[in-house]
Structures are given as structure tokens and as C-alpha cells.
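S.K.: The structure that follows is given in the form of C-alpha cells.
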Amino acid sequence: VAEVHETEPQALGRFWHDPVAWPIPGGEPVVDFDRRIARAWTDLLERYRGRHVLLVAHGGVIRMVLRQLLDMPVRRIWRIEAPFASLTRMRVHCDPEAEPHLVFHNGHLA
């Protein structure tokens, strides 16, 4: 991001406004990143079905998982803040018909 900010600041501004329509030159398109995270999230849910899981992840991953949980459009991911060392708690039931719940977001360790 720093390199793009120096060489193409307009591209970065467009990306922050709409990451789907304006991908970072040379970077992974946001929709591809979203698909990759969705597959990993689904695999994680299936692998640890019925168990409690602690997932440590980058803010971008957290945004995408929350985007999916909240059924938000990809282009709106910047509406979700995911600061360093934040805590997010979700409840996902084993029943595929049950809706997942966002229990807690943006807490911090003391």
C-alpha cells in the first residue's frame, strides 16, 4: 500500500472508495480475496463443527469474515473497523439453517 501511495495516490484513493471497481494495481483483486477467505472460513467451520475456535487473523481477513456473516456487499468492507489487537466474537451454530451471530466486535485485551 505504501508503494502504491507513493507511485499512484489516486489509485489508492479510488480503492478506499470502492475496492471492487478499483483494485490495487498488481494486487489480489478484493473479490478473489473474498472468495479465498470464504473457502477457508467454510473449511474451518466444517473441520471444527460444534467446537469453540480461537482464530487469530489480519484485519482484512476479519473484515471479510464479518462481511460474509453480516451479508454485506464486498465494496462496503471499509465500514467495518478492525484495529490492531481487536477482539471479535461470533456464534455459528452447527445447524446450517441457523443464522450466525456477531456477539462482540472491536474489544481489546487489557
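Every chain in the C-alpha cells takes a letter, A first, then B, and so on in the order presented; its residues are numbered from 1, and the ligands are numbered from 1 following the presented order.
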So that I can check the surroundings of stretch 24-39 of chain A, please list as a list of chain:residue names every protein, DNA and RNA residue that reaches within 8 Å of it, counting only C-alpha atoms and ignoring chain neighbours fewer than 3 positions away.
M.R.: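 The residues that qualify are A:Val4, A:Ala11, A:Leu12, A:Phe15, A:Pro19, A:Val20, A:Thr42, A:Asp43, A:Val61, A:Met64, A:Val65, A:Gln68, A:Val74.
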S.K.: List every residue of stretch 3-107 of chain A that DSSP, applied to the backbone of this structure, places in strand (DSSP E or B), and write the result as a ChimeraX atom specification.
M.R.: /A:86-91,101-107
S.K.: Could you write out the selected residues, including N, CA and C atoms, as a short mmCIF file (atom, residue, chain, number, x, y, z; two decimals), in the first residue's frame?
M.R.:
data_model
loop_
_atom_site.label_atom_id
_atom_site.label_comp_id
_atom_site.auth_asym_id
_atom_site.auth_seq_id
_atom_site.Cartn_x
_atom_site.Cartn_y
_atom_site.Cartn_z
N SER A 86 -7.66 -6.18 18.12
CA SER A 86 -9.07 -6.15 18.50
C SER A 86 -9.61 -7.57 18.67
N LEU A 87 -10.72 -7.68 19.35
CA LEU A 87 -11.36 -8.96 19.59
C LEU A 87 -12.74 -8.96 18.93
N THR A 88 -13.07 -10.06 18.30
CA THR A 88 -14.39 -10.24 17.70
C THR A 88 -14.89 -11.60 18.10
N ARG A 89 -16.14 -11.66 18.53
CA ARG A 89 -16.72 -12.95 18.91
C ARG A 89 -17.95 -13.19 18.05
N MET A 90 -17.99 -14.37 17.44
CA MET A 90 -19.12 -14.77 16.62
C MET A 90 -19.67 -16.08 17.14
N ARG A 91 -20.94 -16.28 16.92
CA ARG A 91 -21.55 -17.56 17.27
C ARG A 91 -22.11 -18.15 15.99
N HIS A 101 -24.31 -15.28 14.40
CA HIS A 101 -24.49 -14.04 15.15
C HIS A 101 -23.14 -13.38 15.44
N LEU A 102 -23.13 -12.07 15.29
CA LEU A 102 -21.99 -11.28 15.74
C LEU A 102 -22.28 -10.93 17.19
N VAL A 103 -21.49 -11.48 18.11
CA VAL A 103 -21.73 -11.31 19.53
C VAL A 103 -21.00 -10.09 20.07
N PHE A 104 -19.79 -9.85 19.56
CA PHE A 104 -18.94 -8.80 20.12
C PHE A 104 -17.92 -8.42 19.07
N HIS A 105 -17.65 -7.13 18.92
CA HIS A 105 -16.65 -6.70 17.94
C HIS A 105 -15.92 -5.47 18.45
N ASN A 106 -14.63 -5.42 18.20
CA ASN A 106 -13.73 -4.30 18.50
C ASN A 106 -13.39 -4.14 19.96
N GLY A 107 -13.49 -5.19 20.74
CA GLY A 107 -12.97 -5.14 22.08
C GLY A 107 -11.44 -5.28 22.02
#
S.K.: I need the residues of chain A that end up classed as alpha helix (DSSP H) by DSSP on the backbone, written out as a PyMOL selection string.
M.R.: chain A and resi 2-7+9-17+30-47+59-70
S.K.: With C-alpha atoms retained, could you export that selection as a compact mmCIF listing (two decimals), in the first residue's frame?
M.R.:
# COMPACT_ATOMS: atom_id res chain seq x y z
CA ALA A 2 2.84 2.40 0.81
CA GLU A 3 4.38 1.84 -2.63
CA VAL A 4 1.06 2.47 -4.38
CA HIS A 5 0.53 5.57 -2.23
CA GLU A 6 3.84 6.95 -3.47
CA THR A 7 3.50 5.98 -7.13
CA PRO A 9 -2.04 8.02 -4.90
CA GLN A 10 -5.22 8.41 -6.99
CA ALA A 11 -5.44 4.61 -7.41
CA LEU A 12 -5.25 4.15 -3.66
CA GLY A 13 -7.96 6.74 -3.07
CA ARG A 14 -10.26 5.01 -5.57
CA PHE A 15 -9.55 1.66 -3.92
CA TRP A 16 -10.55 3.02 -0.48
CA HIS A 17 -13.77 4.34 -2.03
CA VAL A 30 -10.75 -7.93 -3.48
CA VAL A 31 -13.37 -10.31 -4.90
CA ASP A 32 -10.70 -13.02 -5.24
CA PHE A 33 -9.53 -12.36 -1.68
CA ASP A 34 -13.15 -12.57 -0.51
CA ARG A 35 -13.64 -15.94 -2.27
CA ARG A 36 -10.40 -17.28 -0.79
CA ILE A 37 -11.43 -16.24 2.73
CA ALA A 38 -14.95 -17.65 2.23
CA ARG A 39 -13.50 -21.05 1.26
CA ALA A 40 -11.12 -21.04 4.23
CA TRP A 41 -13.93 -19.96 6.61
CA THR A 42 -16.23 -22.72 5.33
CA ASP A 43 -13.45 -25.28 5.70
CA LEU A 44 -12.74 -24.08 9.25
CA LEU A 45 -16.43 -24.31 10.21
CA GLU A 46 -16.71 -27.83 8.82
CA ARG A 47 -13.46 -29.02 10.38
CA GLY A 59 -7.76 -7.14 9.82
CA GLY A 60 -8.54 -7.84 6.16
CA VAL A 61 -9.49 -11.42 6.96
CA ILE A 62 -11.61 -10.27 9.90
CA ARG A 63 -13.41 -7.76 7.65
CA MET A 64 -14.18 -10.42 5.04
CA VAL A 65 -15.46 -12.95 7.56
CA LEU A 66 -17.66 -10.27 9.16
CA ARG A 67 -18.81 -9.12 5.73
CA GLN A 68 -19.97 -12.65 4.99
CA LEU A 69 -21.54 -13.08 8.43
CA LEU A 70 -23.45 -9.79 8.08
S.K.: Find the spatial neighbours of A:Asp95, counting only C-alpha atoms, within a cut-off of 12 Å - ignore same-chain residues fewer than 2 positions away - and output them as a ChimeraX atom specification.
M.R.: /A:45-46,49-50,91-93,97-100
S.K.: Out of A:Tyr48, A:His58, A:Cys94, A:Arg75, which residue has the shortest atom-to-atom distance to A:Trp22 when counting only C-alpha atoms?
M.R.: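 The shortest atom-to-atom distance to A:Trp22 comes from A:Arg75.
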S.K.: Report the distance between atom CA of A:His108 and atom CA of A:Ala82 in Å, rounded to one decimal place.
M.R.: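 Distance reported for this atom pair: 10.8 Å.
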